[in-house]
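Chemist: One file: structure-v3.cif (mmCIF, C-alpha atoms).
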data_data
loop_
_atom_site.group_PDB
_atom_site.id
_atom_site.type_symbol
_atom_site.label_atom_id
_atom_site.label_comp_id
_atom_site.auth_asym_id
_atom_site.auth_seq_id
_atom_site.Cartn_x
_atom_site.Cartn_y
_atom_site.Cartn_z
ATOM 1 C CA MET A 1179 -50.297 26.886 -26.957
ATOM 2 C CA ILE A 1180 -46.767 26.063 -28.147
ATOM 3 C CA PHE A 1181 -48.201 24.354 -31.264
ATOM 4 C CA SER A 1182 -50.092 27.508 -32.235
ATOM 5 C CA GLU A 1183 -46.930 29.560 -31.605
ATOM 6 C CA PHE A 1184 -45.109 27.550 -34.272
ATOM 7 C CA ARG A 1185 -47.919 27.986 -36.783
ATOM 8 C CA ARG A 1186 -48.225 31.706 -36.000
ATOM 9 C CA THR A 1187 -44.490 32.433 -36.259
ATOM 10 C CA GLY A 1188 -44.058 30.364 -39.401
ATOM 11 C CA LEU A 1189 -41.360 28.037 -38.036
ATOM 12 C CA VAL A 1190 -43.162 25.012 -39.430
ATOM 13 C CA HIS A 1191 -43.554 26.660 -42.824
ATOM 14 C CA HIS A 1192 -39.889 27.670 -42.781
ATOM 15 C CA ILE A 1193 -38.857 24.050 -42.183
ATOM 16 C CA GLU A 1194 -41.285 22.818 -44.855
ATOM 17 C CA ASP A 1195 -39.617 25.278 -47.259
ATOM 18 C CA ASP A 1196 -36.192 23.643 -46.667
ATOM 19 C CA GLY A 1197 -35.182 26.143 -43.992
ATOM 20 C CA VAL A 1198 -33.179 25.854 -40.785
ATOM 21 C CA VAL A 1199 -34.421 27.119 -37.413
ATOM 22 C CA ALA A 1200 -32.955 27.400 -33.916
ATOM 23 C CA CYS A 1201 -34.802 25.712 -31.074
ATOM 24 C CA PRO A 1202 -33.953 25.110 -27.402
ATOM 25 C CA ALA A 1203 -33.272 21.417 -26.756
ATOM 26 C CA GLU A 1204 -32.623 19.783 -23.386
ATOM 27 C CA ALA A 1205 -29.271 21.378 -22.499
ATOM 28 C CA VAL A 1206 -28.262 23.569 -25.444
ATOM 29 C CA TRP A 1207 -29.874 25.411 -28.319
ATOM 30 C CA GLY A 1208 -30.057 23.358 -31.475
ATOM 31 C CA LEU A 1209 -30.331 23.879 -35.190
ATOM 32 C CA SER A 1210 -33.230 21.966 -36.705
ATOM 33 C CA CYS A 1211 -34.481 21.163 -40.191
ATOM 34 C CA ASP A 1212 -36.307 18.469 -42.142
ATOM 35 C CA PRO A 1213 -34.100 15.352 -42.209
ATOM 36 C CA PHE A 1214 -35.530 14.359 -45.601
ATOM 37 C CA SER A 1215 -34.548 17.650 -47.261
ATOM 38 C CA GLU A 1216 -30.993 17.337 -48.539
ATOM 39 C CA ALA A 1217 -30.905 21.078 -49.259
ATOM 40 C CA ALA A 1218 -31.901 21.940 -45.690
ATOM 41 C CA VAL A 1219 -29.395 19.524 -44.139
ATOM 42 C CA GLN A 1220 -26.610 20.797 -46.413
ATOM 43 C CA THR A 1221 -27.453 24.378 -45.360
ATOM 44 C CA LEU A 1222 -27.361 23.369 -41.688
ATOM 45 C CA LEU A 1223 -24.027 21.571 -42.105
ATOM 46 C CA ALA A 1224 -22.543 24.575 -43.931
ATOM 47 C CA MET A 1225 -23.716 26.879 -41.109
ATOM 48 C CA LYS A 1226 -21.911 24.679 -38.582
ATOM 49 C CA GLY A 1227 -18.894 23.883 -40.735
ATOM 50 C CA ARG A 1228 -19.642 20.204 -40.058
ATOM 51 C CA PRO A 1229 -18.808 17.461 -42.564
ATOM 52 C CA VAL A 1230 -21.690 15.294 -43.759
ATOM 53 C CA ALA A 1231 -19.604 12.200 -42.935
ATOM 54 C CA LYS A 1232 -20.210 12.719 -39.187
ATOM 55 C CA GLY A 1233 -23.995 12.432 -39.453
ATOM 56 C CA VAL A 1234 -26.527 14.274 -37.294
ATOM 57 C CA ILE A 1235 -29.084 13.426 -34.605
ATOM 58 C CA VAL A 1236 -32.752 13.017 -35.447
ATOM 59 C CA VAL A 1237 -35.220 14.021 -32.730
ATOM 60 C CA ALA A 1238 -38.898 13.121 -32.502
ATOM 61 C CA GLY A 1239 -41.789 14.565 -30.545
ATOM 62 C CA ASP A 1240 -43.051 11.077 -29.723
ATOM 63 C CA VAL A 1241 -42.056 7.433 -30.130
ATOM 64 C CA ALA A 1242 -44.560 6.765 -32.919
ATOM 65 C CA MET A 1243 -42.573 9.030 -35.264
ATOM 66 C CA LEU A 1244 -39.673 6.577 -35.077
ATOM 67 C CA GLU A 1245 -41.796 3.469 -35.671
ATOM 68 C CA PRO A 1246 -40.071 2.449 -38.954
ATOM 69 C CA LEU A 1247 -36.814 2.081 -36.979
ATOM 70 C CA LEU A 1248 -38.406 0.430 -33.953
ATOM 71 C CA THR A 1249 -40.687 -2.205 -35.518
ATOM 72 C CA PRO A 1250 -37.843 -4.601 -36.447
ATOM 73 C CA LEU A 1251 -36.285 -4.466 -32.959
ATOM 74 C CA GLU A 1252 -36.568 -7.333 -30.501
ATOM 75 C CA ALA A 1253 -38.986 -6.571 -27.654
ATOM 76 C CA GLY A 1254 -36.296 -6.171 -24.962
ATOM 77 C CA LEU A 1255 -34.307 -3.630 -26.949
ATOM 78 C CA ARG A 1256 -37.409 -1.675 -27.846
ATOM 79 C CA ALA A 1257 -38.462 -1.592 -24.188
ATOM 80 C CA GLU A 1258 -35.014 -0.277 -23.229
ATOM 81 C CA LEU A 1259 -35.406 2.586 -25.696
ATOM 82 C CA GLU A 1260 -38.939 3.441 -24.710
ATOM 83 C CA MET A 1261 -38.083 3.494 -20.988
ATOM 84 C CA SER A 1262 -35.353 6.072 -21.682
ATOM 85 C CA TRP A 1263 -37.664 8.429 -23.620
ATOM 86 C CA PRO A 1264 -38.628 11.178 -23.593
ATOM 87 C CA GLY A 1265 -35.306 12.367 -22.314
ATOM 88 C CA ALA A 1266 -31.718 13.233 -23.069
ATOM 89 C CA ASN A 1267 -30.912 9.731 -24.307
ATOM 90 C CA THR A 1268 -29.758 9.423 -27.908
ATOM 91 C CA TRP A 1269 -29.427 5.918 -29.309
ATOM 92 C CA LEU A 1270 -27.590 4.607 -32.352
ATOM 93 C CA LEU A 1271 -29.910 2.186 -34.150
ATOM 94 C CA PRO A 1272 -29.591 0.276 -37.403
ATOM 95 C CA ASN A 1273 -30.873 2.701 -40.056
ATOM 96 C CA ARG A 1274 -32.301 0.059 -42.415
ATOM 97 C CA GLY A 1275 -32.650 2.667 -45.158
ATOM 98 C CA VAL A 1276 -35.112 4.833 -43.202
ATOM 99 C CA PHE A 1277 -33.008 8.012 -43.223
ATOM 100 C CA PRO A 1278 -30.847 9.243 -46.112
ATOM 101 C CA SER A 1279 -27.057 9.233 -46.130
ATOM 102 C CA TRP A 1280 -26.887 12.977 -45.432
ATOM 103 C CA ILE A 1281 -28.324 12.109 -41.983
ATOM 104 C CA THR A 1282 -26.294 8.977 -41.207
ATOM 105 C CA GLY A 1283 -22.999 10.155 -42.692
ATOM 106 C CA ASP A 1284 -20.501 7.335 -43.049
ATOM 107 C CA SER A 1285 -22.497 5.051 -40.754
ATOM 108 C CA GLU A 1286 -25.114 2.327 -41.232
ATOM 109 C CA GLU A 1287 -26.662 3.569 -37.976
ATOM 110 C CA VAL A 1288 -28.795 6.593 -37.193
ATOM 111 C CA ALA A 1289 -28.733 8.597 -33.943
ATOM 112 C CA VAL A 1290 -32.276 9.164 -32.612
ATOM 113 C CA ARG A 1291 -34.077 10.322 -29.499
ATOM 114 C CA VAL A 1292 -37.485 11.410 -28.307
ATOM 115 C CA SER A 1293 -36.938 14.822 -26.768
ATOM 116 C CA ARG A 1294 -38.328 16.052 -23.483
ATOM 117 C CA ALA A 1295 -37.525 19.691 -24.349
ATOM 118 C CA PRO A 1296 -40.933 21.403 -24.633
ATOM 119 C CA ALA A 1297 -40.211 23.624 -27.642
ATOM 120 C CA LEU A 1298 -38.349 20.968 -29.649
ATOM 121 C CA ARG A 1299 -40.973 18.342 -28.893
ATOM 122 C CA ALA A 1300 -43.792 20.713 -29.863
ATOM 123 C CA LEU A 1301 -42.024 21.724 -33.091
ATOM 124 C CA SER A 1302 -41.663 18.080 -34.122
ATOM 125 C CA ARG A 1303 -45.319 17.426 -33.321
ATOM 126 C CA ALA A 1304 -46.449 20.539 -35.202
ATOM 127 C CA LEU A 1305 -44.462 19.327 -38.209
ATOM 128 C CA GLY A 1306 -45.818 15.794 -37.810
ATOM 129 C CA ARG A 1307 -42.412 14.143 -38.162
ATOM 130 C CA PRO A 1308 -38.930 13.998 -36.636
ATOM 131 C CA LEU A 1309 -36.363 16.709 -37.256
ATOM 132 C CA VAL A 1310 -32.647 17.156 -37.208
ATOM 133 C CA SER A 1311 -31.359 18.599 -33.947
ATOM 134 C CA THR A 1312 -27.684 19.418 -33.681
ATOM 135 C CA SER A 1313 -26.062 21.940 -31.367
ATOM 136 C CA ALA A 1314 -26.360 25.566 -32.468
ATOM 137 C CA ASN A 1315 -22.700 26.444 -32.797
ATOM 138 C CA PRO A 1316 -20.040 26.471 -35.478
ATOM 139 C CA ALA A 1317 -17.746 23.435 -35.274
ATOM 140 C CA GLY A 1318 -15.221 23.935 -32.471
ATOM 141 C CA ALA A 1319 -17.198 26.699 -30.705
ATOM 142 C CA GLN A 1320 -19.071 26.309 -27.423
ATOM 143 C CA PRO A 1321 -22.682 25.174 -27.874
ATOM 144 C CA ALA A 1322 -25.203 27.971 -27.352
ATOM 145 C CA ARG A 1323 -26.973 27.784 -24.003
ATOM 146 C CA HIS A 1324 -28.799 31.110 -24.535
ATOM 147 C CA GLY A 1325 -30.687 32.653 -27.431
ATOM 148 C CA PHE A 1326 -28.277 35.595 -27.631
ATOM 149 C CA GLN A 1327 -25.445 33.146 -28.374
ATOM 150 C CA VAL A 1328 -27.432 31.738 -31.310
ATOM 151 C CA VAL A 1329 -27.768 35.301 -32.642
ATOM 152 C CA ARG A 1330 -24.047 35.902 -32.123
ATOM 153 C CA TYR A 1331 -23.161 32.739 -34.073
ATOM 154 C CA PHE A 1332 -25.739 32.870 -36.865
ATOM 155 C CA GLY A 1333 -27.313 36.343 -36.911
ATOM 156 C CA ALA A 1334 -30.712 37.710 -35.979
ATOM 157 C CA ALA A 1335 -32.324 36.591 -39.260
ATOM 158 C CA LEU A 1336 -32.231 32.894 -38.260
ATOM 159 C CA PRO A 1337 -35.778 31.971 -37.141
ATOM 160 C CA ARG A 1338 -35.846 30.946 -33.472
ATOM 161 C CA ALA A 1339 -38.413 29.245 -31.273
ATOM 162 C CA HIS A 1340 -39.270 30.816 -27.951
ATOM 163 C CA GLY A 1341 -38.018 29.072 -24.850
ATOM 164 C CA SER A 1342 -34.883 28.238 -22.960
ATOM 165 C CA VAL A 1343 -32.749 25.241 -22.145
ATOM 166 C CA ASP A 1344 -32.461 23.562 -18.757
ATOM 167 C CA ALA A 1345 -29.405 25.320 -17.301
ATOM 168 C CA ALA A 1346 -28.586 22.300 -15.113
ATOM 169 C CA ALA A 1347 -28.853 19.750 -17.920
ATOM 170 C CA LYS A 1348 -26.050 18.139 -19.906
ATOM 171 C CA PRO A 1349 -26.205 17.256 -23.620
ATOM 172 C CA SER A 1350 -27.762 13.880 -24.356
ATOM 173 C CA THR A 1351 -25.886 10.691 -23.702
ATOM 174 C CA ILE A 1352 -25.255 8.781 -26.934
ATOM 175 C CA ARG A 1353 -25.307 4.972 -26.712
ATOM 176 C CA ARG A 1354 -25.291 2.129 -29.197
ATOM 177 C CA LEU A 1355 -28.383 -0.054 -28.910
ATOM 178 C CA GLY A 1356 -27.598 -3.685 -28.210
ATOM 179 C CA THR A 1357 -24.137 -3.204 -26.718
ATOM 180 C CA GLY A 1358 -24.864 -0.197 -24.481
ATOM 181 C CA GLU A 1359 -21.518 1.281 -25.571
ATOM 182 C CA VAL A 1360 -21.428 4.958 -24.562
ATOM 183 C CA LEU A 1361 -20.098 7.215 -27.305
ATOM 184 C CA ARG A 1362 -20.809 10.470 -25.449
ATOM 185 C CA ALA A 1363 -21.468 10.596 -21.725
#
Take the structure in the file and give it back as structure tokens.
Modeler:
Amino acid sequence: MIFSEFRRTGLVHHIEDDGVVACPAEAVWGLSCDPFSEAAVQTLLAMKGRPVAKGVIVVAGDVAMLEPLLTPLEAGLRAELEMSWPGANTWLLPNRGVFPSWITGDSEEVAVRVSRAPALRALSRALGRPLVSTSANPAGAQPARHGFQVVRYFGAALPRAHGSVDAAAKPSTIRRLGTGEVLRA
């Protein structure tokens, strides 16, 4: 049902045409686009007022979409990742040239997760690949927890998925794989 919603509303086509959409993630609304479209990512970063050097999170609808990053990992590390997904667990992994520099910023790592948010997960699956997911707010402003806040920040013309965030949830924890270092609790 959610998959057909994305096809019917054109969100998938909008992303395929280098567009940016808003979609409810686990705890906040996010802005999403194709991570392999430099034009789309640059548009998203300009909307947020976020420098490319910081990098952005890539979210997948299922683990298989991240296979190029996971195959080289030792079995124990891969198991640690897979046990934490789907969920609000973002991991920094060695990029190994999988994602372009406009995704990783100044880092050799890439931030990835498999989402448990129904709309975001379905959008990724409908697209058949991972997408960028970064909070739907201009830099320095509170992340949007409701659709009306997305409209307030970015206008009614921004395509939005239907759905809501988990009001009790917190944004994903960001950890570095291998060391377990927490960068955002």
Chemist: Which residues come within 6 Å of segment 1288-1300 of chain A, counting all atoms listed in the file, excluding same-chain residues fewer than 4 positions away, as an MDAnalysis selection string?
Modeler: chainID A and resid 1181 1203:1204 1235:1240 1263:1265 1268:1271 1273 1282 1304
Chemist: Which distance in Å separates atom CA of Glu1194 of chain A and atom CA of Thr1221 of chain A, to one decimal?
Modeler: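 Rounded to one decimal, the two atoms are 13.9 Å apart.
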Chemist: For atom CA of Lys1348 of chain A and atom CA of Glu1286 of chain A, determine how far apart the two atoms are, in Å to one decimal place.
Modeler: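 Computed distance, atom CA of Lys1348 of chain A to atom CA of Glu1286 of chain A, equals 26.6 Å.
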Chemist: Tell me, in Å to one decimal, how far atom CA of Val1328 of chain A is from atom CA of Leu1361 of chain A.
Modeler: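 It comes out at 25.9 Å.
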Chemist: For Pro1349 of chain A, list every protein, DNA or RNA residue within 9 Å, evaluated using all atoms listed in the file, and leave out those in the same chain fewer than 6 positions away; present the list as a PyMOL selection string.
Modeler: chain A and resi 1203-1206+1266-1267+1362-1363
Chemist: Could you dump the residues just selected with C-alpha atoms as a tab-separated table (two decimals), in the coordinates of the input?
Modeler:
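again-v1.tsv, written as the output of this step:
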chain	number	residue	atom	x	y	z
A	1203	ALA	CA	-33.27	21.42	-26.76
A	1204	GLU	CA	-32.62	19.78	-23.39
A	1205	ALA	CA	-29.27	21.38	-22.50
A	1206	VAL	CA	-28.26	23.57	-25.44
A	1266	ALA	CA	-31.72	13.23	-23.07
A	1267	ASN	CA	-30.91	9.73	-24.31
A	1362	ARG	CA	-20.81	10.47	-25.45
A	1363	ALA	CA	-21.47	10.60	-21.72
Chemist: For Asp1212 of chain A, which residue among A:Leu1309, A:Gly1188, A:Pro1229, A:Asp1284 is the nearest when counting only C-alpha atoms?
Modeler: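 Closest to Asp1212 of chain A of all the choices is A:Leu1309.
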Chemist: Could you tell me which residues the PyMOL selection byres ((chain A and resi 1339) around 9) returns for this structure, as a list in words?
Modeler: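 Checking the PyMOL selection byres ((chain A and resi 1339) around 9) against this file, the residues are Glu1183, Phe1184, Thr1187, Leu1189, Val1199, Ala1200, Cys1201, Pro1202, Ala1297, Leu1298, Leu1301, Pro1337, Arg1338, His1340 and Gly1341 of chain A.
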Chemist: Taking (-32.6, -1.0, -37.7) in the file's own coordinates, collect the residues within 7 Å, counting all atoms listed in the file, and hand them back as a short mmCIF file (atom, residue, chain, number, x, y, z; two decimals) with C-alpha atoms, in the coordinates of the input.
Modeler:
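Output (selection.cif):
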data_model
loop_
_atom_site.label_atom_id
_atom_site.label_comp_id
_atom_site.auth_asym_id
_atom_site.auth_seq_id
_atom_site.Cartn_x
_atom_site.Cartn_y
_atom_site.Cartn_z
CA LEU A 1247 -36.81 2.08 -36.98
CA PRO A 1250 -37.84 -4.60 -36.45
CA LEU A 1251 -36.28 -4.47 -32.96
CA LEU A 1271 -29.91 2.19 -34.15
CA PRO A 1272 -29.59 0.28 -37.40
CA ASN A 1273 -30.87 2.70 -40.06
CA ARG A 1274 -32.30 0.06 -42.42
#
Chemist: Around all the atoms of segment 1287-1295 of chain A listed in the file, draw an axis-aligned box and extend it by 5 Å on each of the six sides; I want its centre and edge lengths in Å to one decimal, as JSON.
Modeler:
{"center_x": -32.5, "center_y": 11.6, "center_z": -30.7, "size_x": 21.7, "size_y": 26.1, "size_z": 24.5}
Chemist: How would you write as a list in words the residues that get within 12 Å of (-26.4, 31.6, -26.0) in the file's frame, counting only C-alpha atoms?
Modeler: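 Checked against the point, the hits come out as Ala1200, Cys1201, Pro1202, Ala1205, Val1206, Trp1207, Gly1208, Ser1313, Ala1314, Asn1315, Ala1319, Gln1320, Pro1321, Ala1322, Arg1323, His1324, Gly1325, Phe1326, Gln1327, Val1328, Val1329, Arg1330, Tyr1331, Phe1332, Gly1333, Gly1341, Ser1342, Val1343 and Ala1345 of chain A.
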Chemist: Taking only C-alpha atoms into account, name the residue in A:Thr1357, A:Thr1312, A:Ser1285, A:Thr1351 that is nearest to Val1234 of chain A.
Modeler: A:Thr1312
Chemist: Could you state which residues are captured by the PyMOL selection byres ((chain A and resi 1217) around 12) in this file, as JSON, numbers by chain?
Modeler: {"A": [1193, 1194, 1195, 1196, 1197, 1198, 1211, 1212, 1213, 1214, 1215, 1216, 1218, 1219, 1220, 1221, 1222, 1223, 1224, 1280, 1281]}
Chemist: With all atoms listed in the file as the basis for distance, which of A:Gly1318, A:Arg1228, A:Ala1346, A:Val1241 is at the shortest distance from Ala1257 of chain A?
Modeler: A:Val1241
Chemist: Counting only C-alpha atoms, which of A:Val1230, A:Val1190, A:Leu1259, A:Leu1248 gets nearest to Ile1352 of chain A?
Modeler: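 Closest to Ile1352 of chain A of all the choices is A:Leu1259.
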